[in-house]
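The structure file start23.txt is reproduced below (compact mmCIF, C-alpha atoms).
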# COMPACT_ATOMS: atom_id res chain seq x y z
CA GLU A 1 14.06 -16.13 -3.74
CA THR A 2 10.62 -16.48 -5.35
CA GLY A 3 9.95 -14.45 -8.46
CA VAL A 4 6.73 -12.73 -9.53
CA THR A 5 3.89 -15.15 -10.19
CA GLN A 6 0.54 -14.56 -11.91
CA SER A 7 -2.66 -16.53 -12.30
CA PRO A 8 -4.32 -17.71 -14.35
CA THR A 9 -2.03 -18.21 -17.35
CA HIS A 10 -4.79 -17.94 -19.91
CA LEU A 11 -8.40 -16.81 -19.72
CA ILE A 12 -11.26 -16.57 -22.19
CA LYS A 13 -14.22 -14.31 -21.45
CA THR A 14 -17.10 -12.82 -23.39
CA ARG A 15 -17.92 -9.17 -23.89
CA GLY A 16 -19.61 -7.59 -20.87
CA GLN A 17 -18.23 -10.07 -18.35
CA GLN A 18 -15.93 -9.27 -15.45
CA VAL A 19 -12.47 -10.72 -14.79
CA THR A 20 -10.03 -10.85 -11.86
CA LEU A 21 -6.32 -11.44 -12.40
CA ARG A 22 -3.91 -12.18 -9.58
CA CYS A 23 -0.27 -11.44 -8.89
CA SER A 24 2.16 -12.39 -6.14
CA SER A 25 5.11 -10.05 -5.84
CA GLN A 26 8.74 -11.10 -5.54
CA SER A 27 9.85 -11.79 -2.00
CA GLY A 28 10.66 -8.54 -0.17
CA HIS A 29 8.92 -6.29 -2.72
CA ASN A 30 6.11 -4.01 -1.50
CA THR A 31 5.11 -2.46 -4.82
CA VAL A 32 3.10 -3.96 -7.68
CA SER A 33 2.50 -2.36 -11.08
CA TRP A 34 0.08 -3.63 -13.71
CA TYR A 35 0.53 -3.31 -17.46
CA GLN A 36 -1.52 -4.17 -20.53
CA GLN A 37 0.42 -5.39 -23.57
CA ALA A 38 -1.44 -5.67 -26.87
CA LEU A 39 0.04 -7.86 -29.57
CA GLY A 40 3.08 -6.23 -31.18
CA GLN A 41 3.10 -3.33 -28.71
CA GLY A 42 5.03 -2.41 -25.61
CA PRO A 43 3.42 -2.67 -22.18
CA GLN A 44 1.07 0.20 -21.23
CA PHE A 45 0.97 1.24 -17.57
CA ILE A 46 -2.42 0.68 -15.89
CA PHE A 47 -1.70 1.51 -12.23
CA GLN A 48 0.63 0.86 -9.33
CA TYR A 49 0.01 -0.17 -5.74
CA TYR A 50 2.44 0.69 -2.97
CA ARG A 51 1.78 -0.55 0.54
CA GLU A 52 -1.89 -1.27 -0.25
CA GLU A 53 -2.62 2.19 -1.74
CA GLU A 54 -2.95 3.15 -5.40
CA ASN A 55 0.21 5.11 -6.13
CA GLY A 56 -0.34 6.22 -9.71
CA ARG A 57 -2.57 5.49 -12.67
CA GLY A 58 -2.24 5.48 -16.46
CA ASN A 59 -4.85 6.35 -19.06
CA PHE A 60 -7.26 3.53 -18.37
CA PRO A 61 -11.00 3.89 -17.58
CA PRO A 62 -12.41 3.31 -14.09
CA ARG A 63 -13.65 -0.17 -15.05
CA PHE A 64 -10.00 -1.17 -14.51
CA SER A 65 -9.53 -1.36 -10.77
CA GLY A 66 -7.19 -3.06 -8.36
CA LEU A 67 -6.32 -4.08 -4.86
CA GLN A 68 -3.19 -4.83 -2.92
CA PHE A 69 -3.26 -7.05 0.13
CA PRO A 70 -1.19 -6.92 3.35
CA ASN A 71 1.14 -9.61 1.97
CA TYR A 72 1.67 -7.29 -1.07
CA SER A 73 -0.05 -9.61 -3.53
CA SER A 74 -2.42 -7.82 -5.87
CA GLU A 75 -5.51 -8.18 -8.02
CA LEU A 76 -6.52 -6.48 -11.24
CA ASN A 77 -10.25 -6.34 -11.89
CA VAL A 78 -11.78 -5.41 -15.23
CA ASN A 79 -15.53 -4.87 -15.50
CA ALA A 80 -17.71 -4.75 -18.60
CA LEU A 81 -15.10 -6.41 -20.78
CA GLU A 82 -14.66 -5.14 -24.33
CA LEU A 83 -13.05 -6.86 -27.30
CA ASP A 84 -10.11 -4.42 -27.14
CA ASP A 85 -9.30 -5.65 -23.64
CA SER A 86 -7.83 -8.78 -25.22
CA ALA A 87 -4.13 -8.57 -24.33
CA LEU A 88 -1.34 -9.91 -22.16
CA TYR A 89 -1.65 -8.48 -18.65
CA LEU A 90 1.66 -8.16 -16.88
CA CYS A 91 2.35 -7.60 -13.24
CA ALA A 92 5.70 -6.21 -12.10
CA SER A 93 7.01 -5.88 -8.58
CA SER A 94 9.65 -3.59 -7.14
CA LEU A 95 11.17 -2.74 -3.79
CA ALA A 96 9.85 0.77 -3.32
CA GLY A 97 7.36 2.64 -5.44
CA PHE A 98 8.35 3.93 -8.84
CA THR A 99 12.03 4.45 -8.11
CA ASP A 100 13.22 0.88 -8.15
CA THR A 101 13.72 -1.57 -11.02
CA GLN A 102 10.57 -3.52 -11.86
CA TYR A 103 10.61 -7.29 -12.32
CA PHE A 104 7.85 -8.84 -14.38
CA GLY A 105 5.73 -11.92 -13.93
CA PRO A 106 4.88 -14.30 -16.79
CA GLY A 107 1.58 -12.56 -17.55
CA THR A 108 -2.03 -13.57 -18.06
CA ARG A 109 -3.26 -13.86 -21.63
CA LEU A 110 -6.87 -12.59 -21.71
CA THR A 111 -9.04 -13.20 -24.75
CA VAL A 112 -12.42 -11.45 -24.96
CA LEU A 113 -14.87 -12.93 -27.47
CA GLY B 114 3.04 12.81 -23.47
CA GLN B 115 5.79 10.30 -23.84
CA ASN B 116 7.20 9.32 -27.23
CA ILE B 117 9.64 6.45 -27.48
CA ASP B 118 10.84 5.20 -30.86
CA GLN B 119 12.77 2.09 -31.76
CA PRO B 120 13.04 0.08 -34.97
CA THR B 121 10.42 -2.61 -35.49
CA GLU B 122 12.70 -5.41 -36.64
CA MET B 123 16.37 -6.29 -37.04
CA THR B 124 18.06 -9.40 -38.38
CA ALA B 125 21.63 -10.48 -37.72
CA THR B 126 23.84 -13.54 -38.01
CA GLU B 127 24.96 -15.73 -35.15
CA GLY B 128 28.23 -14.41 -33.71
CA ALA B 129 27.68 -10.90 -35.05
CA ILE B 130 26.93 -7.63 -33.25
CA VAL B 131 23.62 -5.79 -33.35
CA GLN B 132 22.84 -2.28 -32.11
CA ILE B 133 19.26 -1.36 -31.24
CA ASN B 134 18.61 2.37 -31.10
CA CYS B 135 16.01 4.11 -28.99
CA THR B 136 15.09 7.78 -29.13
CA TYR B 137 12.76 9.39 -26.64
CA GLN B 138 10.88 12.60 -25.98
CA THR B 139 9.43 12.51 -22.49
CA SER B 140 8.24 14.77 -19.73
CA GLY B 141 11.36 14.68 -17.60
CA PHE B 142 13.84 11.85 -17.28
CA ASN B 143 14.62 9.57 -14.38
CA GLY B 144 16.29 6.66 -16.07
CA LEU B 145 16.13 4.38 -19.10
CA PHE B 146 15.67 0.61 -19.00
CA TRP B 147 16.13 -2.17 -21.51
CA TYR B 148 14.13 -5.37 -21.22
CA GLN B 149 14.26 -8.60 -23.24
CA GLN B 150 11.02 -10.39 -24.01
CA HIS B 151 10.79 -13.80 -25.65
CA ALA B 152 7.54 -14.53 -27.45
CA GLY B 153 4.75 -15.24 -24.98
CA GLU B 154 6.95 -14.63 -21.96
CA ALA B 155 7.54 -11.88 -19.41
CA PRO B 156 9.99 -9.04 -20.05
CA THR B 157 13.26 -9.63 -18.22
CA PHE B 158 15.44 -6.77 -17.01
CA LEU B 159 18.68 -6.23 -18.95
CA SER B 160 20.07 -2.82 -18.07
CA TYR B 161 19.50 0.58 -16.50
CA ASN B 162 21.08 3.91 -17.42
CA VAL B 163 20.50 7.19 -15.62
CA LEU B 164 23.80 8.98 -16.37
CA ASP B 165 25.39 9.52 -19.76
CA GLY B 166 27.77 6.86 -20.95
CA LEU B 167 28.15 3.16 -21.48
CA GLU B 168 27.10 0.40 -19.08
CA GLU B 169 28.57 -3.02 -19.87
CA LYS B 170 27.18 -6.28 -18.63
CA GLY B 171 28.69 -9.34 -20.29
CA ARG B 172 27.66 -9.56 -23.95
CA PHE B 173 25.17 -6.72 -23.52
CA SER B 174 26.00 -3.00 -23.26
CA SER B 175 23.73 0.01 -23.06
CA PHE B 176 24.55 3.61 -23.84
CA LEU B 177 22.75 6.81 -22.92
CA SER B 178 22.96 10.41 -24.10
CA ARG B 179 20.45 12.52 -22.17
CA SER B 180 21.11 15.68 -24.21
CA LYS B 181 20.23 13.83 -27.40
CA GLY B 182 17.36 11.79 -25.94
CA TYR B 183 19.08 8.70 -27.26
CA SER B 184 20.08 5.25 -26.09
CA TYR B 185 21.26 2.06 -27.70
CA LEU B 186 21.53 -1.56 -26.64
CA LEU B 187 24.49 -3.43 -28.07
CA LEU B 188 24.34 -7.21 -28.31
CA LYS B 189 27.69 -8.86 -29.01
CA GLU B 190 28.54 -12.43 -30.03
CA LEU B 191 24.93 -13.06 -30.94
CA GLN B 192 23.45 -16.44 -30.06
CA MET B 193 20.26 -18.05 -31.34
CA LYS B 194 18.69 -17.62 -27.90
CA ASP B 195 19.04 -13.83 -28.30
CA SER B 196 16.16 -13.91 -30.80
CA ALA B 197 13.54 -11.91 -28.92
CA SER B 198 11.88 -8.53 -28.64
CA TYR B 199 13.90 -5.80 -26.93
CA LEU B 200 11.94 -3.09 -25.14
CA CYS B 201 13.22 0.40 -24.36
CA ALA B 202 11.47 2.04 -21.40
CA VAL B 203 11.88 5.53 -19.99
CA ARG B 204 11.00 6.68 -16.49
CA GLY B 205 9.64 10.22 -16.73
CA ASP B 206 9.28 12.97 -14.18
CA ASP B 207 6.22 11.21 -12.73
CA TYR B 208 8.47 8.17 -12.27
CA LYS B 209 6.15 5.99 -14.34
CA LEU B 210 7.61 3.68 -16.99
CA SER B 211 6.74 4.31 -20.63
CA PHE B 212 7.68 1.61 -23.11
CA GLY B 213 8.51 1.67 -26.78
CA ALA B 214 6.79 -0.85 -29.04
CA GLY B 215 9.83 -3.12 -29.01
CA THR B 216 12.39 -4.27 -31.57
CA THR B 217 12.17 -7.87 -32.74
CA VAL B 218 15.65 -9.27 -33.27
CA THR B 219 16.01 -12.42 -35.36
CA VAL B 220 19.33 -14.25 -35.20
CA ARG B 221 20.09 -16.43 -38.20
CA ALA B 222 22.50 -19.36 -38.23
Hey, can you dump this file as structure tokens for me?
Amino acid sequence: ETGVTQSPTHLIKTRGQQVTLRCSSQSGHNTVSWYQQALGQGPQFIFQYYREEENGRGNFPPRFSGLQFPNYSSELNVNALELDDSALYLCASSLAGFTDTQYFGPGTRLTVL
Amino acid sequence: GQNIDQPTEMTATEGAIVQINCTYQTSGFNGLFWYQQHAGEAPTFLSYNVLDGLEEKGRFSSFLSRSKGYSYLLLKELQMKDSASYLCAVRGDDYKLSFGAGTTVTVRA
């Protein structure tokens, strides 16, 4: 059974740029949730995708957007990067929407200069 | 909004027991999760409680009291590899997960 994978591992961008982060869900899982984790904080929910549709969203501005593909992999896109966007971005997959246990990938460390 | 509180840091000796408390005030309740996160790594699932009482899984146990908005994670027979951050997360009535800031546990030899 393949776990959740994310790419890239690390990324450095400058303010104003755009970034795309990728996630492959665990085998058999159709739901992907994205979280932002600032240093010393718990993960903050960005949004969730269930069967290619956005299924819920946290308190993040519209410049955070996403996609889910037919194979249930997912992308997180962030436009107009700000310094405060520097964080660990975690992807978690689950079997069915919000009701199942979420399993996390290793994360992408984004640094915005 | 969701409010989840847990201590920032705890230190314990190898072989000892440590109890990490978590209190929560959330809009509804549909389960409480504990995750372990080593520095720079992904959170890994430890336990899930939705009914009151104690859930035991090897050296780790988790307790829930819904009426008190309270949970704890008990780590027994501490090992050096248990040094990590422990995250308490609550699933509210919108079924979304809200996390506490995490408790950093340091195990000393």
Can you tell me, as lines of an AutoDock Vina configuration file, the centre and edge lengths (Å, one decimal) of the axis-aligned box enclosing all of region 82-90 of chain A's listed atoms after padding each side by 3 Å?
center_x = -6.5
center_y = -7.2
center_z = -22.1
size_x = 22.3
size_y = 11.5
size_z = 16.4
Spatial neighbours of Lys209 (chain B), max dist 10 Å, only C-alpha atoms, sep filter under 5 positions, as a ChimeraX atom specification: /A:33,45,47-48,56-58,97-99 /B:143,202-204
Residue selection dump (C-alpha atoms) as a short mmCIF file (atom, residue, chain, number, x, y, z; two decimals), keeping the file's coordinate frame:
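selection-v6.cif, freshly written:
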data_model
loop_
_atom_site.label_atom_id
_atom_site.label_comp_id
_atom_site.auth_asym_id
_atom_site.auth_seq_id
_atom_site.Cartn_x
_atom_site.Cartn_y
_atom_site.Cartn_z
CA SER A 33 2.50 -2.36 -11.08
CA PHE A 45 0.97 1.24 -17.57
CA PHE A 47 -1.70 1.51 -12.23
CA GLN A 48 0.63 0.86 -9.33
CA GLY A 56 -0.34 6.22 -9.71
CA ARG A 57 -2.57 5.49 -12.67
CA GLY A 58 -2.24 5.48 -16.46
CA GLY A 97 7.36 2.64 -5.44
CA PHE A 98 8.35 3.93 -8.84
CA THR A 99 12.03 4.45 -8.11
CA ASN B 143 14.62 9.57 -14.38
CA ALA B 202 11.47 2.04 -21.40
CA VAL B 203 11.88 5.53 -19.99
CA ARG B 204 11.00 6.68 -16.49
#
Among the residues B:Leu159, B:Leu186, B:Leu191, B:Val220, the one that comes closest to chain A [using all atoms listed in the file]: B:Leu159
Chain B contacts on chain A, all atoms listed in the file, 8 Å, as JSON, numbers by chain: {"A": [40, 41, 42, 43, 44, 45, 56, 90, 98, 99, 102, 103, 104, 105, 106, 107]}
Just write the chosen residues, C-alpha atoms, as a PDB file, keeping the file's coordinate frame.
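For reference, part.pdb as written:
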ATOM      1  CA  GLY A  40       3.080  -6.230 -31.180  1.00  0.00           C
ATOM      2  CA  GLN A  41       3.100  -3.330 -28.710  1.00  0.00           C
ATOM      3  CA  GLY A  42       5.030  -2.410 -25.610  1.00  0.00           C
ATOM      4  CA  PRO A  43       3.420  -2.670 -22.180  1.00  0.00           C
ATOM      5  CA  GLN A  44       1.070   0.200 -21.230  1.00  0.00           C
ATOM      6  CA  PHE A  45       0.970   1.240 -17.570  1.00  0.00           C
ATOM      7  CA  GLY A  56      -0.340   6.220  -9.710  1.00  0.00           C
ATOM      8  CA  LEU A  90       1.660  -8.160 -16.880  1.00  0.00           C
ATOM      9  CA  PHE A  98       8.350   3.930  -8.840  1.00  0.00           C
ATOM     10  CA  THR A  99      12.030   4.450  -8.110  1.00  0.00           C
ATOM     11  CA  GLN A 102      10.570  -3.520 -11.860  1.00  0.00           C
ATOM     12  CA  TYR A 103      10.610  -7.290 -12.320  1.00  0.00           C
ATOM     13  CA  PHE A 104       7.850  -8.840 -14.380  1.00  0.00           C
ATOM     14  CA  GLY A 105       5.730 -11.920 -13.930  1.00  0.00           C
ATOM     15  CA  PRO A 106       4.880 -14.300 -16.790  1.00  0.00           C
ATOM     16  CA  GLY A 107       1.580 -12.560 -17.550  1.00  0.00           C
TER      17      GLY A 107
END
Residues within 9 Å of (-4.0, -8.8, -22.5), counting all atoms listed in the file, listed as a ChimeraX atom specification: /A:35-39,84-90,107-111
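Residue nearest Thr101 (chain A) within the list A:Ser73, A:Leu113, A:Val32, A:Ile46: A:Val32 [criterion: smallest interatomic distance, all atoms listed in the file].
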Emit a file covering region 143-154 of chain B of the preceding structure with all heavy atoms, as a compact mmCIF listing (two decimals), in the first residue's frame.
# COMPACT_ATOMS: atom_id res chain seq x y z
N ASN B 143 -17.42 15.80 16.69
CA ASN B 143 -17.55 14.54 15.94
C ASN B 143 -16.27 13.75 16.00
O ASN B 143 -15.89 13.09 15.02
CB ASN B 143 -17.96 14.83 14.50
CG ASN B 143 -19.43 15.16 14.38
OD1 ASN B 143 -20.29 14.31 14.60
ND2 ASN B 143 -19.72 16.40 14.06
N GLY B 144 -15.58 13.84 17.12
CA GLY B 144 -14.40 13.01 17.30
C GLY B 144 -13.15 13.81 17.61
O GLY B 144 -13.03 14.98 17.25
N LEU B 145 -12.23 13.17 18.32
CA LEU B 145 -10.97 13.80 18.69
C LEU B 145 -9.82 12.88 18.29
O LEU B 145 -9.89 11.67 18.52
CB LEU B 145 -10.94 14.08 20.20
CG LEU B 145 -9.74 14.88 20.71
CD1 LEU B 145 -10.17 15.82 21.84
CD2 LEU B 145 -8.62 13.97 21.17
N PHE B 146 -8.81 13.45 17.70
CA PHE B 146 -7.66 12.71 17.19
C PHE B 146 -6.39 13.17 17.88
O PHE B 146 -6.25 14.33 18.24
CB PHE B 146 -7.49 12.97 15.68
CG PHE B 146 -8.63 12.50 14.83
CD1 PHE B 146 -9.79 13.25 14.72
CD2 PHE B 146 -8.53 11.32 14.11
CE1 PHE B 146 -10.85 12.83 13.93
CE2 PHE B 146 -9.58 10.90 13.30
CZ PHE B 146 -10.73 11.65 13.22
N TRP B 147 -5.46 12.24 18.03
CA TRP B 147 -4.10 12.57 18.43
C TRP B 147 -3.15 12.13 17.32
O TRP B 147 -3.26 11.02 16.79
CB TRP B 147 -3.73 11.86 19.73
CG TRP B 147 -4.34 12.46 20.95
CD1 TRP B 147 -5.49 12.07 21.58
CD2 TRP B 147 -3.84 13.56 21.72
NE1 TRP B 147 -5.74 12.86 22.68
CE2 TRP B 147 -4.73 13.78 22.79
CE3 TRP B 147 -2.71 14.38 21.61
CZ2 TRP B 147 -4.53 14.78 23.74
CZ3 TRP B 147 -2.51 15.37 22.55
CH2 TRP B 147 -3.42 15.57 23.60
N TYR B 148 -2.23 13.05 16.99
CA TYR B 148 -1.20 12.78 16.01
C TYR B 148 0.16 13.03 16.64
O TYR B 148 0.32 13.90 17.49
CB TYR B 148 -1.35 13.70 14.79
CG TYR B 148 -2.47 13.36 13.84
CD1 TYR B 148 -3.76 13.81 14.07
CD2 TYR B 148 -2.23 12.59 12.70
CE1 TYR B 148 -4.80 13.50 13.18
CE2 TYR B 148 -3.25 12.28 11.81
CZ TYR B 148 -4.53 12.74 12.07
OH TYR B 148 -5.55 12.43 11.19
N GLN B 149 1.17 12.28 16.17
CA GLN B 149 2.56 12.49 16.56
C GLN B 149 3.30 13.10 15.37
O GLN B 149 3.11 12.66 14.23
CB GLN B 149 3.21 11.16 16.93
CG GLN B 149 4.68 11.26 17.35
CD GLN B 149 5.33 9.88 17.40
OE1 GLN B 149 5.41 9.17 16.40
NE2 GLN B 149 5.80 9.50 18.58
N GLN B 150 4.10 14.11 15.66
CA GLN B 150 4.86 14.73 14.57
C GLN B 150 6.31 14.94 14.99
O GLN B 150 6.59 15.76 15.88
CB GLN B 150 4.22 16.06 14.16
CG GLN B 150 4.87 16.69 12.94
CD GLN B 150 4.17 17.97 12.49
OE1 GLN B 150 3.57 18.68 13.28
NE2 GLN B 150 4.26 18.28 11.19
N HIS B 151 7.23 14.22 14.36
CA HIS B 151 8.64 14.46 14.57
C HIS B 151 9.05 15.68 13.76
O HIS B 151 8.43 15.99 12.72
CB HIS B 151 9.47 13.24 14.17
CG HIS B 151 9.38 12.12 15.15
ND1 HIS B 151 8.55 11.02 14.96
CD2 HIS B 151 10.00 11.91 16.33
CE1 HIS B 151 8.67 10.19 15.98
NE2 HIS B 151 9.55 10.72 16.84
N ALA B 152 10.07 16.37 14.24
CA ALA B 152 10.51 17.63 13.64
C ALA B 152 10.75 17.46 12.14
O ALA B 152 11.48 16.57 11.72
CB ALA B 152 11.77 18.13 14.32
N GLY B 153 10.11 18.31 11.35
CA GLY B 153 10.29 18.29 9.91
C GLY B 153 9.58 17.16 9.18
O GLY B 153 9.79 16.98 7.98
N GLU B 154 8.76 16.41 9.90
CA GLU B 154 8.08 15.28 9.27
C GLU B 154 6.56 15.45 9.31
O GLU B 154 6.03 16.38 9.90
CB GLU B 154 8.48 13.98 9.96
CG GLU B 154 9.96 13.67 9.83
CD GLU B 154 10.32 12.33 10.48
OE1 GLU B 154 9.41 11.56 10.82
OE2 GLU B 154 11.53 12.08 10.63
